[in-house]
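Everything below belongs to model-v3.pdb, which stores PDB, C-alpha atoms.
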ATOM      1  CA  MET A   1     -32.166  15.718 -52.432
ATOM      2  CA  LEU A   2     -31.455  17.080 -48.976
ATOM      3  CA  ARG A   3     -32.423  20.614 -49.979
ATOM      4  CA  ARG A   4     -35.465  19.511 -51.914
ATOM      5  CA  TRP A   5     -36.777  16.745 -49.666
ATOM      6  CA  GLY A   6     -35.104  17.453 -46.317
ATOM      7  CA  VAL A   7     -36.950  18.005 -43.067
ATOM      8  CA  ALA A   8     -37.487  21.756 -42.800
ATOM      9  CA  ASP A   9     -39.028  21.728 -39.299
ATOM     10  CA  GLY A  10     -36.987  23.667 -36.757
ATOM     11  CA  GLY A  11     -34.148  24.417 -39.167
ATOM     12  CA  VAL A  12     -33.154  20.748 -39.446
ATOM     13  CA  ASN A  13     -32.623  21.068 -43.185
ATOM     14  CA  ASP A  14     -30.268  24.012 -42.628
ATOM     15  CA  ALA A  15     -28.408  22.122 -39.878
ATOM     16  CA  ASP A  16     -28.040  19.039 -42.091
ATOM     17  CA  SER A  17     -26.763  21.172 -44.975
ATOM     18  CA  ARG A  18     -24.216  22.820 -42.664
ATOM     19  CA  GLU A  19     -23.124  19.388 -41.395
ATOM     20  CA  LEU A  20     -22.749  18.087 -44.952
ATOM     21  CA  PHE A  21     -20.495  21.056 -45.740
ATOM     22  CA  ARG A  22     -18.373  20.291 -42.651
ATOM     23  CA  ARG A  23     -18.083  16.656 -43.712
ATOM     24  CA  MET A  24     -16.886  17.693 -47.155
ATOM     25  CA  VAL A  25     -14.243  19.942 -45.588
ATOM     26  CA  PHE A  26     -13.212  17.183 -43.182
ATOM     27  CA  ASN A  27     -12.850  14.714 -46.056
ATOM     28  CA  ILE A  28     -10.611  17.179 -47.882
ATOM     29  CA  LEU A  29      -8.397  17.753 -44.848
ATOM     30  CA  MET A  30      -8.312  14.100 -43.747
ATOM     31  CA  ASP A  31      -7.384  12.889 -47.242
ATOM     32  CA  ASN A  32     -10.584  10.841 -47.444
ATOM     33  CA  THR A  33     -11.059  10.689 -51.193
ATOM     34  CA  ASP A  34     -13.564   7.817 -50.993
ATOM     35  CA  ASP A  35     -16.465  10.226 -50.517
ATOM     36  CA  HIS A  36     -18.947   8.888 -53.032
ATOM     37  CA  GLU A  37     -22.729   9.005 -52.753
ATOM     38  CA  LYS A  38     -22.867   5.758 -50.763
ATOM     39  CA  ASN A  39     -20.918   7.502 -47.972
ATOM     40  CA  HIS A  40     -23.406  10.369 -47.601
ATOM     41  CA  ALA A  41     -26.719   8.671 -47.003
ATOM     42  CA  LEU A  42     -30.069  10.206 -46.200
ATOM     43  CA  LEU A  43     -32.514   8.591 -43.803
ATOM     44  CA  VAL A  44     -36.267   8.668 -44.322
ATOM     45  CA  VAL A  45     -38.014  10.375 -41.414
ATOM     46  CA  ARG A  46     -41.696   9.691 -40.745
ATOM     47  CA  PRO A  47     -42.167   7.650 -43.934
ATOM     48  CA  ARG A  48     -45.918   7.256 -43.421
ATOM     49  CA  ALA A  49     -46.408  10.990 -42.887
ATOM     50  CA  ASN A  50     -44.400  12.631 -45.619
ATOM     51  CA  GLY A  51     -41.179  10.724 -46.232
ATOM     52  CA  ARG A  52     -38.807  13.631 -45.580
ATOM     53  CA  TYR A  53     -35.044  13.065 -45.396
ATOM     54  CA  ARG A  54     -32.373  13.673 -42.761
ATOM     55  CA  LEU A  55     -28.627  13.345 -43.132
ATOM     56  CA  SER A  56     -27.452  10.019 -41.722
ATOM     57  CA  PRO A  57     -24.715   9.780 -39.104
ATOM     58  CA  ALA A  58     -21.236   9.889 -40.634
ATOM     59  CA  TYR A  59     -19.611   6.566 -41.498
ATOM     60  CA  ASP A  60     -16.695   5.170 -43.522
ATOM     61  CA  VAL A  61     -14.648   8.298 -42.823
ATOM     62  CA  LEU A  62     -11.098   7.068 -43.279
ATOM     63  CA  PRO A  63      -7.964   8.599 -44.728
ATOM     64  CA  SER A  64      -7.211   7.260 -48.182
ATOM     65  CA  ALA A  65      -3.505   7.814 -47.556
ATOM     66  CA  GLY A  66      -2.963   8.395 -51.214
ATOM     67  CA  ALA A  67      -2.844  12.179 -51.436
ATOM     68  CA  HIS A  68      -4.682  12.015 -54.748
ATOM     69  CA  GLY A  69      -5.686  15.679 -54.610
ATOM     70  CA  TYR A  70      -9.266  15.045 -55.726
ATOM     71  CA  GLN A  71     -12.569  13.966 -54.203
ATOM     72  CA  GLU A  72     -15.083  11.557 -55.704
ATOM     73  CA  PHE A  73     -17.772  14.231 -55.371
ATOM     74  CA  VAL A  74     -17.561  17.593 -57.059
ATOM     75  CA  CYS A  75     -16.609  20.045 -54.289
ATOM     76  CA  GLY A  76     -16.898  23.368 -56.056
ATOM     77  CA  GLU A  77     -16.169  25.440 -59.129
ATOM     78  CA  ASP A  78     -12.898  23.533 -59.666
ATOM     79  CA  GLY A  79     -14.720  20.217 -59.837
ATOM     80  CA  HIS A  80     -13.157  17.409 -57.825
ATOM     81  CA  ASP A  81     -10.124  19.434 -56.706
ATOM     82  CA  SER A  82      -9.477  18.613 -53.042
ATOM     83  CA  THR A  83      -8.906  22.126 -51.673
ATOM     84  CA  LEU A  84     -10.569  24.409 -49.158
ATOM     85  CA  LYS A  85     -10.696  27.134 -51.799
ATOM     86  CA  ASN A  86     -12.740  24.839 -54.017
ATOM     87  CA  ALA A  87     -15.084  23.895 -51.159
ATOM     88  CA  MET A  88     -15.595  27.563 -50.307
ATOM     89  CA  SER A  89     -16.465  28.373 -53.936
ATOM     90  CA  GLN A  90     -19.810  26.579 -53.584
ATOM     91  CA  CYS A  91     -20.665  27.213 -49.929
ATOM     92  CA  HIS A  92     -23.892  28.954 -50.979
ATOM     93  CA  ALA A  93     -25.194  25.613 -52.267
ATOM     94  CA  PHE A  94     -25.209  24.556 -48.597
ATOM     95  CA  GLY A  95     -27.131  27.692 -47.577
ATOM     96  CA  LEU A  96     -24.031  29.302 -46.036
ATOM     97  CA  SER A  97     -22.627  32.754 -46.571
ATOM     98  CA  ASN A  98     -18.913  32.958 -47.262
ATOM     99  CA  LEU A  99     -18.208  34.021 -43.678
ATOM    100  CA  GLU A 100     -20.434  31.328 -42.158
ATOM    101  CA  ALA A 101     -18.734  28.679 -44.275
ATOM    102  CA  ALA A 102     -15.280  30.016 -43.422
ATOM    103  CA  ARG A 103     -16.108  29.774 -39.721
ATOM    104  CA  GLU A 104     -17.228  26.169 -40.229
ATOM    105  CA  VAL A 105     -13.928  25.445 -41.989
ATOM    106  CA  GLU A 106     -12.078  26.881 -39.001
ATOM    107  CA  ARG A 107     -14.105  24.618 -36.670
ATOM    108  CA  VAL A 108     -13.086  21.572 -38.696
ATOM    109  CA  ILE A 109      -9.454  22.703 -38.730
ATOM    110  CA  ALA A 110      -9.570  23.027 -34.921
ATOM    111  CA  VAL A 111     -10.882  19.455 -34.609
ATOM    112  CA  MET A 112      -8.172  18.275 -36.989
ATOM    113  CA  GLY A 113      -5.576  19.704 -34.595
ATOM    114  CA  ASP A 114      -5.817  16.570 -32.446
ATOM    115  CA  TRP A 115      -6.428  13.932 -35.076
ATOM    116  CA  ARG A 116      -3.409  11.918 -33.868
ATOM    117  CA  GLY A 117      -4.717  11.855 -30.283
ATOM    118  CA  HIS A 118      -8.140  10.740 -31.460
ATOM    119  CA  PHE A 119      -6.692   7.961 -33.620
ATOM    120  CA  LYS A 120      -4.460   6.814 -30.736
ATOM    121  CA  ALA A 121      -7.467   6.747 -28.365
ATOM    122  CA  CYS A 122      -9.296   4.558 -30.894
ATOM    123  CA  GLY A 123      -6.440   2.036 -30.908
ATOM    124  CA  VAL A 124      -4.680   2.967 -34.130
ATOM    125  CA  THR A 125      -1.046   1.915 -33.898
ATOM    126  CA  ASP A 126       1.781   4.439 -33.827
ATOM    127  CA  ALA A 127       3.120   2.980 -37.077
ATOM    128  CA  ASP A 128      -0.238   3.482 -38.810
ATOM    129  CA  ILE A 129      -0.578   7.009 -37.417
ATOM    130  CA  ASP A 130       2.893   7.855 -38.728
ATOM    131  CA  SER A 131       1.963   6.437 -42.128
ATOM    132  CA  ILE A 132      -1.287   8.427 -42.286
ATOM    133  CA  ALA A 133       0.530  11.555 -41.097
ATOM    134  CA  GLN A 134       2.657  11.539 -44.240
ATOM    135  CA  HIS A 135      -0.469  12.561 -46.127
ATOM    136  CA  VAL A 136      -2.685  14.312 -43.553
ATOM    137  CA  ASP A 137       0.216  16.389 -42.234
ATOM    138  CA  GLY A 138       1.988  16.563 -45.595
ATOM    139  CA  ASN A 139       2.611  19.950 -47.172
ATOM    140  CA  LYS A 140      -0.549  20.127 -49.287
ATOM    141  CA  LEU A 141      -3.050  19.544 -46.477
ATOM    142  CA  ARG A 142      -1.037  21.080 -43.625
ATOM    143  CA  VAL A 143      -0.514  24.313 -45.540
ATOM    144  CA  GLN A 144      -4.245  24.536 -46.302
ATOM    145  CA  ARG A 145      -5.017  24.224 -42.572
ATOM    146  CA  GLU A 146      -2.346  26.718 -41.549
ATOM    147  CA  GLU A 147      -3.118  29.382 -44.152
ATOM    148  CA  PHE A 148      -6.906  29.349 -43.986
ATOM    149  CA  SER A 149      -8.520  32.296 -42.192
ATOM    150  CA  ALA A 150     -12.164  33.266 -41.899
ATOM    151  CA  ARG A 151     -10.999  36.898 -41.850
ATOM    152  CA  ASP A 152     -10.340  36.570 -45.569
ATOM    153  CA  TYR A 153     -14.105  36.146 -46.035
ATOM    154  CA  GLU A 154     -15.381  38.913 -43.731
ATOM    155  CA  SER A 155     -15.883  41.445 -46.515
ATOM    156  CA  VAL A 156     -18.145  39.033 -48.375
ATOM    157  CA  GLY A 157     -19.989  37.716 -45.320
ATOM    158  CA  ALA A 158     -23.561  38.579 -46.259
ATOM    159  CA  LYS A 159     -26.165  35.933 -45.497
ATOM    160  CA  ALA A 160     -26.535  33.388 -48.257
ATOM    161  CA  PRO A 161     -29.848  33.398 -50.075
ATOM    162  CA  SER A 162     -32.328  30.783 -48.912
ATOM    163  CA  ARG A 163     -32.411  27.808 -51.222
ATOM    164  CA  ARG A 164     -35.672  26.211 -50.259
ATOM    165  CA  PHE A 165     -37.308  23.977 -52.801
ATOM    166  CA  LYS A 166     -40.915  23.002 -52.929
ATOM    167  CA  ARG A 167     -41.713  19.341 -53.042
ATOM    168  CA  PRO A 168     -42.875  18.285 -56.511
ATOM    169  CA  ARG A 169     -46.471  17.107 -56.727
TER     170      ARG A 169
END

Written form, structure tokens:
Amino acid sequence: MLRRWGVADGGVNDADSRELFRRMVFNILMDNTDDHEKNHALLVVRPRANGRYRLSPAYDVLPSAGAHGYQEFVCGEDGHDSTLKNAMSQCHAFGLSNLEAAREVERVIAVMGDWRGHFKACGVTDADIDSIAQHVDGNKLRVQREEFSARDYESVGAKAPSRRFKRPR
């Protein structure tokens, strides 16, 4: 819906698509497996003019602390598999080239570097942080963060094809 009905003025649609990709990557790395359609809402912009959509602010972004290894939403060619490789496999659906998407993944990984400090600043107890860390900093997710490199995608970094859709009449 975002691609088809999103606000295209000033590249907003592209920015929202990029942000949605980052959120998917963040959910994978934060072990937030509760990423169903109710957690990725679209807001109607100028409803009387043309009713275009914008991505809503993020909400309900919490670690599941279950290390299930899957997302509620399909993330890529491997379906619900909760991996960066799977997310990267469908980056073109977000209007991103492989290299652009890989750079966005690296941005999310950098933010994840201080997740404990952010949680602490928000009042999360040390005991809860330690409990969450068992999953977020567990082998599966930690290794994905440590081994990911945008350089692996430089040779396939051509610009993704535009995926603009015309509004149905």

Next item on the list: Have a look at CA of Ala150 in chain A and CA of Phe94 in chain A and let me know their distance in Å, one decimal.
Entry: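 Atom-to-atom, CA of Ala150 in chain A and CA of Phe94 in chain A are spaced 17.1 Å apart.
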
Note to self: Take the PyMOL selection byres ((chain A and resi 83) around 10), run it mentally on this structure, and tell me the resulting residues as a PyMOL selection string.
What the structure shows: chain A and resi 25+28-29+69-71+75-76+78+80-82+84-88+140-141+144

Give me a file of those residues, with C-alpha atoms, as a PDB file, in the frame of the given file.
ATOM      1  CA  VAL A  25     -14.243  19.942 -45.588  1.00  0.00           C
ATOM      2  CA  ILE A  28     -10.611  17.179 -47.882  1.00  0.00           C
ATOM      3  CA  LEU A  29      -8.397  17.753 -44.848  1.00  0.00           C
ATOM      4  CA  GLY A  69      -5.686  15.679 -54.610  1.00  0.00           C
ATOM      5  CA  TYR A  70      -9.266  15.045 -55.726  1.00  0.00           C
ATOM      6  CA  GLN A  71     -12.569  13.966 -54.203  1.00  0.00           C
ATOM      7  CA  CYS A  75     -16.609  20.045 -54.289  1.00  0.00           C
ATOM      8  CA  GLY A  76     -16.898  23.368 -56.056  1.00  0.00           C
ATOM      9  CA  ASP A  78     -12.898  23.533 -59.666  1.00  0.00           C
ATOM     10  CA  HIS A  80     -13.157  17.409 -57.825  1.00  0.00           C
ATOM     11  CA  ASP A  81     -10.124  19.434 -56.706  1.00  0.00           C
ATOM     12  CA  SER A  82      -9.477  18.613 -53.042  1.00  0.00           C
ATOM     13  CA  LEU A  84     -10.569  24.409 -49.158  1.00  0.00           C
ATOM     14  CA  LYS A  85     -10.696  27.134 -51.799  1.00  0.00           C
ATOM     15  CA  ASN A  86     -12.740  24.839 -54.017  1.00  0.00           C
ATOM     16  CA  ALA A  87     -15.084  23.895 -51.159  1.00  0.00           C
ATOM     17  CA  MET A  88     -15.595  27.563 -50.307  1.00  0.00           C
ATOM     18  CA  LYS A 140      -0.549  20.127 -49.287  1.00  0.00           C
ATOM     19  CA  LEU A 141      -3.050  19.544 -46.477  1.00  0.00           C
ATOM     20  CA  GLN A 144      -4.245  24.536 -46.302  1.00  0.00           C
TER      21      GLN A 144
END

Notebook entry, point to check: Which is closer to Gly117 in chain A than all the others in A:Ile129, A:Leu99, A:Asn13, A:Glu72, using all atoms listed in the file?
Noted result: A:Ile129

Note to self: With distances taken over all atoms listed in the file, which residue among A:Asp114, A:Asp130, A:Glu104, A:Asp60 lies nearest Phe21 in chain A?
What the structure shows: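 For Phe21 in chain A, the nearest of the candidates is A:Glu104.
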
Check: In Å, how far is it from CA of Arg3 in chain A to CA of Ala93 in chain A?
Finding: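 Computing the Euclidean distance for CA of Arg3 in chain A and CA of Ala93 in chain A yields 9.1 Å.
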
Check: Between CA of Asp16 in chain A and CA of Leu55 in chain A, what is the spacing in Å?
Finding: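 If I compute the distance from CA of Leu55 in chain A to CA of Asp16 in chain A, I get 5.8 Å.
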
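With only C-alpha atoms taken into account, the protein and nucleic acid residues at most 12 Å from Arg107 in chain A (excluding it and anything under 2 positions from it in its own chain) are Arg18, Glu19, Phe21, Arg22, Arg23, Val25, Phe26, Glu100, Ala101, Ala102, Arg103, Glu104, Val105, Ile109, Ala110, Val111, Met112, Gly113, Arg145, Phe148, Ser149 and Ala150 of chain A.
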
Those residues with C-alpha atoms, as an mmCIF file, keeping the file's coordinate frame please?
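Contents of the output file selection_18.cif:
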data_model
loop_
_atom_site.group_PDB
_atom_site.id
_atom_site.type_symbol
_atom_site.label_atom_id
_atom_site.label_comp_id
_atom_site.auth_asym_id
_atom_site.auth_seq_id
_atom_site.Cartn_x
_atom_site.Cartn_y
_atom_site.Cartn_z
ATOM 1 C CA ARG A 18 -24.216 22.820 -42.664
ATOM 2 C CA GLU A 19 -23.124 19.388 -41.395
ATOM 3 C CA PHE A 21 -20.495 21.056 -45.740
ATOM 4 C CA ARG A 22 -18.373 20.291 -42.651
ATOM 5 C CA ARG A 23 -18.083 16.656 -43.712
ATOM 6 C CA VAL A 25 -14.243 19.942 -45.588
ATOM 7 C CA PHE A 26 -13.212 17.183 -43.182
ATOM 8 C CA GLU A 100 -20.434 31.328 -42.158
ATOM 9 C CA ALA A 101 -18.734 28.679 -44.275
ATOM 10 C CA ALA A 102 -15.280 30.016 -43.422
ATOM 11 C CA ARG A 103 -16.108 29.774 -39.721
ATOM 12 C CA GLU A 104 -17.228 26.169 -40.229
ATOM 13 C CA VAL A 105 -13.928 25.445 -41.989
ATOM 14 C CA ILE A 109 -9.454 22.703 -38.730
ATOM 15 C CA ALA A 110 -9.570 23.027 -34.921
ATOM 16 C CA VAL A 111 -10.882 19.455 -34.609
ATOM 17 C CA MET A 112 -8.172 18.275 -36.989
ATOM 18 C CA GLY A 113 -5.576 19.704 -34.595
ATOM 19 C CA ARG A 145 -5.017 24.224 -42.572
ATOM 20 C CA PHE A 148 -6.906 29.349 -43.986
ATOM 21 C CA SER A 149 -8.520 32.296 -42.192
ATOM 22 C CA ALA A 150 -12.164 33.266 -41.899
#

Next item on the list: Taking the file as shown, find all residues satisfying the PyMOL selection byres ((chain A and resi 57) around 9) and write them as a PyMOL selection string.
Entry: chain A and resi 40-42+55-56+58-59

Selected residues written out with C-alpha atoms, as a tab-separated table (two decimals), keeping the file's coordinate frame:
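Printed below is out12.tsv as written:
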chain	number	residue	atom	x	y	z
A	40	HIS	CA	-23.41	10.37	-47.60
A	41	ALA	CA	-26.72	8.67	-47.00
A	42	LEU	CA	-30.07	10.21	-46.20
A	55	LEU	CA	-28.63	13.34	-43.13
A	56	SER	CA	-27.45	10.02	-41.72
A	58	ALA	CA	-21.24	9.89	-40.63
A	59	TYR	CA	-19.61	6.57	-41.50

Next item on the list: Could you check which of A:Pro63, A:Gly138, A:Gly79, A:Gly95 is closest to Asp31 in chain A, using all atoms listed in the file?
Entry: A:Pro63
